[in-house]
Structure formats: structure tokens, C-alpha cells
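Asks: Dropping the structure in here first, questions after.
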Amino acid sequence: MIKVLTNEEMRELDLIASRDYTIPSIILMENASIEVYNFIVEHYGNLENKNIFIFAGKGNNAGDGFALARKLYNSMANVFVFSVYDPNELSGDALTNFNILLAICNDKLKANHLDIVYLNDIEEVFGYAEPDLIVDAIFGIGVKGEIHGLAKDVIQYCNKSNSPTIAIDIPSGLNGTTGEKCNVAISADMTVTMALPKRGLLINEGPNLVGKLEVADISIPQHHLFNNRSRTFLLNDEDIKVRMPKRSYDSHKYSAGKIFVLAGSVGLTGAAALASEAALYSGSGAVILGIPESLNSIMEEKLTEVMTLPLPETSEKTISAKALEKIMQQINWSDVTLIGPGLSQNKETKMVVKEILSQSSKPLVIDADGLNNLQTDIELIRNYKGEIIITPHYGELSRLTNKTTSEIALNRISIAREFAKEQNVTLVLKGAPTVISDKNGNVYINSTGNSGMATAGSGDVLAGLTAGFFAQLNNPINASILSVFLHGLAGDIAKEEKTIYSLIAKDILKNIHIAIKRFVAE
């Protein structure tokens, strides 16, 4: 599992590497430049005679750029280092690397393919041959406030250029902790970040600006990369392999996970169908769908493998209070109950949802209208005697917390962490990216999925998958990690055929088995 850092946590990591492991900070800078150079060669090939512009600021990010310039010079590239600030403002390791570069430039024996340019006006750049590559070494994690003057002009120049731009550590103008964009920011084709991913690269504006993300090994001891104080993680393939449910040779349908789905109302039968089928696609052995009785014939037409249970209904064709006894019987039978997809917010149906949380202690997954029906009674979630996974989008969480959707989107990691701990739940906060938080304050950022999945029914598929894995694993956080990652992967597989424009929830459902197959030994 890969840790994800804030700017402050990265500074601490650098400090500990220098203080506790006596690694000189200039060695870390040198290692960073070597890694950036290697990634540039890997992605862009032979650099001989290529024109490369490096725009350098005045901090350690600039120092990485100066060290990189030496390696590019030695590879026979034509290197132009544009100093965006007065070099007299340089200090420490950045100044050391600048002075080394300056000494090379002043050496009469050097080849003429390395230049340091003290930039005063962006127009001066146009006096040089068009770059084949641009390197952003202006700010890194050091950006503060709005960007003005020459630095702003340089960023706008880079973004207008047709040349690929490589950002060192973080695209200049992007907040490495929050993912907020300054008034201007580099839009990179590739970002090489140091040691571990920064949170801001993965959330909010980050994914729009980062391009291809590469992580550079700058030789900080591996055990410390994992044992630092960060409680945020980025999910990858290895996290899925170790969590996949194991199936014994003598399994039967009732030992492979029994799920009761309470869902559906008039006009919203599709949500119930998608969630129920997704639960089966996860590997669960038996799924029973509780549905308003007048809709049962529709569901029997829609579904083959899912069993249906017609329940007493209200005049609005939603679940009635008279259904409670039957519902509790099914909850007691099941390993996990999913409540919510297409359920409606009818007053009587709302009462049923509240009664379930008051009477039961069995594992629950609560989604959509299941959550909407609890927005004024959130203490029922907090005081529940069993395990709960909730799967809200920003709007649903907004109604539970009285925070705005924009506030939640911007601060999704801290809000998810706080909410899960306070309410004693596992939280799957849907979005781009989806984040998962457990009761202990650990947050997991998903790395799969695409914008084509912003389509009606996608969340119903995720809810069903979550219930399915929860029933098989009896572990809410592992179930959430599996369902979120595989749901996104199924969407990525579907995108290859359907594009982001034509992708629908059924496409995600139909590709779940392909996503799962990648992690199951033949």
C-alpha cells in the first residue's frame, strides 16, 4: 500500500532523512535529478540535440532543476536554464547546484549546448529555438498565494507551448496538499514526484494538471516511507490481490455470501436491479431483493438469478410499515443487508429504515435513499450495534453533515476521516476520486475509474458490489477497498469499448467479471 503525503509530511520526511539517517539533503536533491532524468529518457527517448528549456525558481525545486540540467547537458541535449528569479535569492543546496552549473558554463572547454539565461521578460524566450521539452522547476511544494509577474508569464508560456512539459515534484501553481490551483498553474504532460505521491496530485485540480504521474525513489529508507505519520494511502493492484475472497472447493450458495437488498420504488426499479445483480457479480452465492409487491412482476422480468420478495407497499408503491416483520426475517437470514437504491423518501418507508437500525445488529450497507431517510436521525448510524458501510456522494453526505458539497469536494480526505471516526462507520465517499475512510482515521484514495462513470446507476452497481464483498469477507474496510477499486476498473475496461460518452451503468456491471479475473489465479 502506498502512503500519500501532505506538503508538511513531505518536509518532515526530508528532515528525518537528513537528521536521523544522516543523508545529506544535497544527496536527496541529486537522487531526485537522476530519477527525473531517467523518467524523461524512458518517456521521450534519446535526448541528443533536443532543445530543452528548464524554468527554475529560487527554492529546492530550482535546485532539482539545476542538477537535472547537468545530466541533460551530459546527454548532449541543448539545455537552456531560464532563471525566473534573481540568483542572489538562491541559498543552500539550490545555490550549490547553481554554482556548479555556472562553473560548467564558465569553463572554456565546455561545449556550447548549455546556457544559463537570467530572464527579465517572457519575450526573451522567443529569441531561442523552439523547445522539444520544457521542465518546470519553479515552485514545487513551495507555492504560496497568487502568482504574479514573470513567474505567471512563464507558466502561461509553458501552457500555450506545443512542447511536452515535465513538472518536478508538483506542477507549479498547484497546492500539493489540497489540490487547489492558484490563479495560474502548470498543466504538465508528466509529473515526477519525490519519494511518495502528494495528496494534491490526486484530488481536486491535481489530476487535471499532473499528466502521467511517476514516483521517484530518492533513497529515503523504505521502512520510513511506510512508517511516517501519514494515514492516507493510494490503492494499487497489490492491495486488491491480497484481499480477494478465497473460495473453498466445497462452497455452496449459502456459504458464499447471503445478501438481502431492500430497494426500489415506482420508477426506480432499475436501481434495485443493478444493485442486486452487482452483488451476485461480486461472487456472492444468494441475493434476495425485497421490493414493493406491485413491482415484483417487473423485477421477475428484469432478473433471473436474483430471488425477489414482494413486500407490503404504501399507496405510493413504496415499502410499507407492514413489511417490517418480513424484512427483519430476511435481515436475520442474510450475512449483509443493502438498504437504499431507489427506495424513496416516503414517510412510511423512512420509518421502516429507522426501525431496521433500531432493531438490528447485522452488517449493513446503506446507500442513496437509505441515507436520505436518516439525515435527521444520524445518531441511529452512530449508535448502531453492528458494522455499517455507508456509500454517499457529496450531496448525500452534505445532507448528513450540513456541509456544502463544494466544501466536501475540496476537503474530502479530512472530512471523510473525521466523519467515519465520529459516526463509527466505514465511509465510501463517491467522487473523482472516491475515498474510503475507516473508523481509525485511515483514508484510502482510489486509483481507478473515469469520467464516463458519472452516469445514472453507477452508484447502485457500487453499492451492490460493496454488499457482495462485505458478505464474503465480513470485513467492512477490505470489502470497500475491493468494491471501489474493481468498480472503477470495470468502468475503465468498459471505456475502452464504449468511450466516456456512451458508457452506462450496465457496461460497468458487465465488465466486473473481467476486472475480477485480473486478480484471481487460474
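The chains in the C-alpha cells are called A, B, ... from first to last as shown; in each chain the residues are counted from 1, and the ligands are counted from 1 in the order shown.
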Give me, as a list in words, all polymer residues having an atom no more than 10 Å from A:Thr455, counting only C-alpha atoms and skipping those fewer than 5 positions away in the same chain.
Replies: Ile500, Tyr501, Ser502, Leu503, Ile504 and Ala505 of chain A
Asks: Quick one: pick out all alpha helix (DSSP H) residues within stretch 304-425 of chain A from a backbone DSSP run and write them as number ranges by chain.
Replies: A: 324-333, 347-359, 369-372, 379-382, 394-401, 405-410, 412-423
Asks: Got a sec: who's within 9 Å of stretch 364-380 of chain A, counting only C-alpha atoms, leaving out chain neighbours fewer than 3 positions off, as a count of residues only?
Replies: 45
Asks: Enumerate the residues of stretch 175-287 of chain A with a DSSP assignment of strand (DSSP E), computed from the backbone, and present them as a CSV table (one decimal) with N, CA and C atoms, in the first residue's frame.
Replies:
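Output file result.csv is given in full below:
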```csv
chain,number,residue,atom,x,y,z
A,190,MET,N,3.8,15.3,-17.8
A,190,MET,CA,4.3,14.3,-16.8
A,190,MET,C,4.8,15.0,-15.6
A,191,THR,N,4.5,14.4,-14.4
A,191,THR,CA,5.0,14.9,-13.2
A,191,THR,C,5.8,13.8,-12.5
A,192,VAL,N,7.0,14.1,-12.1
A,192,VAL,CA,7.8,13.2,-11.4
A,192,VAL,C,7.9,13.7,-9.9
A,193,THR,N,7.2,13.0,-9.1
A,193,THR,CA,7.1,13.5,-7.7
A,193,THR,C,8.1,12.7,-6.8
A,194,MET,N,8.6,13.3,-5.7
A,194,MET,CA,9.7,12.7,-5.0
A,194,MET,C,9.2,11.8,-3.8
A,212,LYS,N,0.9,12.3,-16.7
A,212,LYS,CA,1.4,11.0,-16.3
A,212,LYS,C,2.2,11.2,-15.0
A,213,LEU,N,1.7,10.5,-13.9
A,213,LEU,CA,2.4,10.6,-12.6
A,213,LEU,C,3.4,9.5,-12.4
A,214,GLU,N,4.6,9.9,-12.1
A,214,GLU,CA,5.7,9.0,-11.8
A,214,GLU,C,6.2,9.3,-10.4
A,215,VAL,N,6.6,8.3,-9.6
A,215,VAL,CA,7.1,8.5,-8.3
A,215,VAL,C,8.6,8.1,-8.3
A,216,ALA,N,9.4,9.1,-7.9
A,216,ALA,CA,10.9,8.9,-7.9
A,216,ALA,C,11.4,8.4,-6.6
A,232,THR,N,-2.9,8.3,5.1
A,232,THR,CA,-3.6,8.4,3.8
A,232,THR,C,-2.9,7.5,2.8
A,233,PHE,N,-3.6,6.7,2.0
A,233,PHE,CA,-3.0,5.7,1.2
A,233,PHE,C,-3.6,5.8,-0.2
A,234,LEU,N,-2.8,5.4,-1.2
A,234,LEU,CA,-3.3,5.3,-2.6
A,234,LEU,C,-3.4,3.8,-2.9
A,258,LYS,N,-24.7,-14.4,1.7
A,258,LYS,CA,-26.1,-14.3,1.5
A,258,LYS,C,-26.5,-12.8,1.7
A,259,ILE,N,-27.1,-12.2,0.7
A,259,ILE,CA,-27.4,-10.8,0.8
A,259,ILE,C,-28.9,-10.5,0.6
A,260,PHE,N,-29.4,-9.6,1.5
A,260,PHE,CA,-30.7,-9.1,1.3
A,260,PHE,C,-30.6,-7.7,0.9
A,261,VAL,N,-31.3,-7.3,-0.2
A,261,VAL,CA,-31.3,-6.0,-0.8
A,261,VAL,C,-32.7,-5.4,-0.6
A,262,LEU,N,-32.8,-4.3,0.1
A,262,LEU,CA,-34.1,-3.6,0.3
A,262,LEU,C,-34.0,-2.3,-0.6
A,286,ALA,N,-26.1,-16.0,-2.9
A,286,ALA,CA,-27.5,-15.8,-2.9
A,286,ALA,C,-27.9,-14.4,-2.6
A,287,VAL,N,-28.8,-13.9,-3.5
A,287,VAL,CA,-29.3,-12.5,-3.3
A,287,VAL,C,-30.8,-12.5,-3.3
```
Asks: For A:Tyr128, find every residue with an atom within 12 Å (counting only C-alpha atoms), except residues of its own chain fewer than 4 positions away, and show them as a VMD selection string.
Replies: chain A and resid 51 to 53 78 to 82 115 117 122 to 124 132
Asks: Using only C-alpha atoms, can you tell me which of A:Val135, A:Phe98, A:Gly59, A:Gln330 comes closest to A:Leu72?
Replies: A:Val135
Asks: List the spatial neighbours of A:Asn227 as a count of residues only - criterion: any atom at most 12 Å away, only C-alpha atoms, same-chain residues fewer than 2 positions off excluded.
Replies: 18
Asks: Which residues of stretch 189-242 of chain A come within 10 Å of stretch 473-486 of chain A, and for each one, what is the closest pair of atoms and their distance in Å to one decimal, counting only C-alpha atoms, sorted by chain and residue number, as a tab-separated table?
Replies:
```
residue	atom	partner	partner_atom	distance
A:Leu235	CA	A:Phe485	CA	7.6
A:Asn236	CA	A:Phe485	CA	8.3
A:Asp237	CA	A:Phe485	CA	8.7
A:Asp239	CA	A:Ile481	CA	8.1
A:Ile240	CA	A:Leu482	CA	6.0
A:Lys241	CA	A:Leu482	CA	9.2
A:Val242	CA	A:Asn478	CA	9.7
```
Asks: Would you put the residues from that selection into a file with C-alpha atoms, as a PDB file, in the first residue's frame?
Replies:
```
ATOM      1  CA  LEU A 235      -4.772   1.949  -3.699  1.00  0.00           C
ATOM      2  CA  ASN A 236      -2.966  -0.188  -6.241  1.00  0.00           C
ATOM      3  CA  ASP A 237      -3.161  -3.699  -7.718  1.00  0.00           C
ATOM      4  CA  ASP A 239      -3.953  -4.094  -2.380  1.00  0.00           C
ATOM      5  CA  ILE A 240      -6.585  -5.969  -4.372  1.00  0.00           C
ATOM      6  CA  LYS A 241      -4.669  -9.228  -4.788  1.00  0.00           C
ATOM      7  CA  VAL A 242      -4.245  -9.734  -1.052  1.00  0.00           C
TER       8      VAL A 242
END
```
Asks: Residues within 10 Å of A:Ile408, please, as a PyMOL selection string. Count only C-alpha atoms; anything in the same chain fewer than 2 positions from it doesn't count.
Replies: chain A and resi 393-395+397-398+401+403-406+410-416+429
Asks: Produce a file of the selected residues containing C-alpha atoms, as a PDB file, in the first residue's frame.
Replies:
```
ATOM      1  CA  HIS A 393     -21.977  11.018  -2.923  1.00  0.00           C
ATOM      2  CA  TYR A 394     -21.220  14.632  -1.972  1.00  0.00           C
ATOM      3  CA  GLY A 395     -24.891  15.632  -1.931  1.00  0.00           C
ATOM      4  CA  LEU A 397     -23.007  13.468   2.749  1.00  0.00           C
ATOM      5  CA  SER A 398     -23.862  17.162   2.665  1.00  0.00           C
ATOM      6  CA  THR A 401     -23.193  16.857   7.839  1.00  0.00           C
ATOM      7  CA  LYS A 403     -21.510  20.994   4.982  1.00  0.00           C
ATOM      8  CA  THR A 404     -21.744  22.252   1.412  1.00  0.00           C
ATOM      9  CA  THR A 405     -20.953  19.921  -1.454  1.00  0.00           C
ATOM     10  CA  SER A 406     -18.118  22.212  -2.583  1.00  0.00           C
ATOM     11  CA  LEU A 410     -12.366  20.349  -1.611  1.00  0.00           C
ATOM     12  CA  ASN A 411     -11.683  18.742   1.769  1.00  0.00           C
ATOM     13  CA  ARG A 412     -12.869  15.206   1.044  1.00  0.00           C
ATOM     14  CA  ILE A 413      -9.978  13.464   2.802  1.00  0.00           C
ATOM     15  CA  SER A 414     -10.169  15.331   6.108  1.00  0.00           C
ATOM     16  CA  ILE A 415     -13.984  15.329   6.134  1.00  0.00           C
ATOM     17  CA  ALA A 416     -14.157  11.608   5.322  1.00  0.00           C
ATOM     18  CA  LEU A 429     -17.318   8.847  -0.337  1.00  0.00           C
TER      19      LEU A 429
END
```
Asks: Which residues of stretch 170-270 of chain A come within 8 Å of stretch 308-324 of chain A, and for each one, what is the closest pair of atoms and their distance in Å to one decimal, counting only C-alpha atoms, sorted by chain and residue number, as a tab-separated table?
Replies:
```
residue	atom	partner	partner_atom	distance
A:Gly264	CA	A:Thr318	CA	7.5
A:Ser265	CA	A:Thr318	CA	5.1
A:Val266	CA	A:Lys317	CA	5.9
```
Asks: Can you measure atom CA of A:Val425 to atom CA of A:Ser437 for me? One decimal in Å is fine.
Replies: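 Here the two named atoms are 8.4 Å from each other.
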Asks: One number please: atom CA of A:Ala32 to atom CA of A:Ile218, in Å, one decimal.
Replies: 5.5 Å
Asks: Fewer than 6 positions away in the same chain doesn't count, so skip those; otherwise give me all residues within 8 Å of A:Val84, counting only C-alpha atoms, as a PyMOL selection string.
Replies: chain A and resi 55-58+118-120+138+150-151
Asks: Could you save the residues just selected, with C-alpha atoms, as a PDB file, in the first residue's frame?
Replies:
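After the write, selection19.pdb holds the following:
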```pdb
ATOM      1  CA  PHE A  55      12.445  27.210 -15.928  1.00  0.00           C
ATOM      2  CA  ALA A  56      13.903  27.492 -12.424  1.00  0.00           C
ATOM      3  CA  GLY A  57      12.688  29.369  -9.360  1.00  0.00           C
ATOM      4  CA  LYS A  58      14.655  30.061  -6.198  1.00  0.00           C
ATOM      5  CA  TYR A 118      18.737  35.461 -16.432  1.00  0.00           C
ATOM      6  CA  LEU A 119      15.191  36.064 -17.536  1.00  0.00           C
ATOM      7  CA  ASN A 120      13.722  39.540 -17.192  1.00  0.00           C
ATOM      8  CA  ILE A 138       9.746  26.905 -10.459  1.00  0.00           C
ATOM      9  CA  LEU A 150       7.368  36.922 -14.593  1.00  0.00           C
ATOM     10  CA  ALA A 151       6.512  33.583 -12.931  1.00  0.00           C
TER      11      ALA A 151
END
```
Asks: Can you work out which one of A:Tyr254, A:Tyr444, A:Tyr249, A:Phe519 has the shortest atom-to-atom distance to A:Gln472, counting only C-alpha atoms?
Replies: A:Tyr254
Asks: Counting only C-alpha atoms, figure out which residue out of A:Met244, A:Val36, A:Val125, A:Ile27 gets nearest to A:Lys517.
Replies: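 The answer is A:Met244, which sits nearest to A:Lys517.
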Asks: Taking only C-alpha atoms into account, name the residue in A:Ala167, A:Leu28, A:Leu174, A:Ala185 that is nearest to A:Val154.
Replies: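 Ranking A:Ala167, A:Leu28, A:Leu174, A:Ala185 by distance to A:Val154, first place goes to A:Ala185.
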Asks: Determine the nearest neighbour of A:Glu35 from the options A:Ile516, A:Leu489, A:Ala195, A:Ile291, counting only C-alpha atoms.
Replies: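 The shortest atom-to-atom distance to A:Glu35 comes from A:Ala195.
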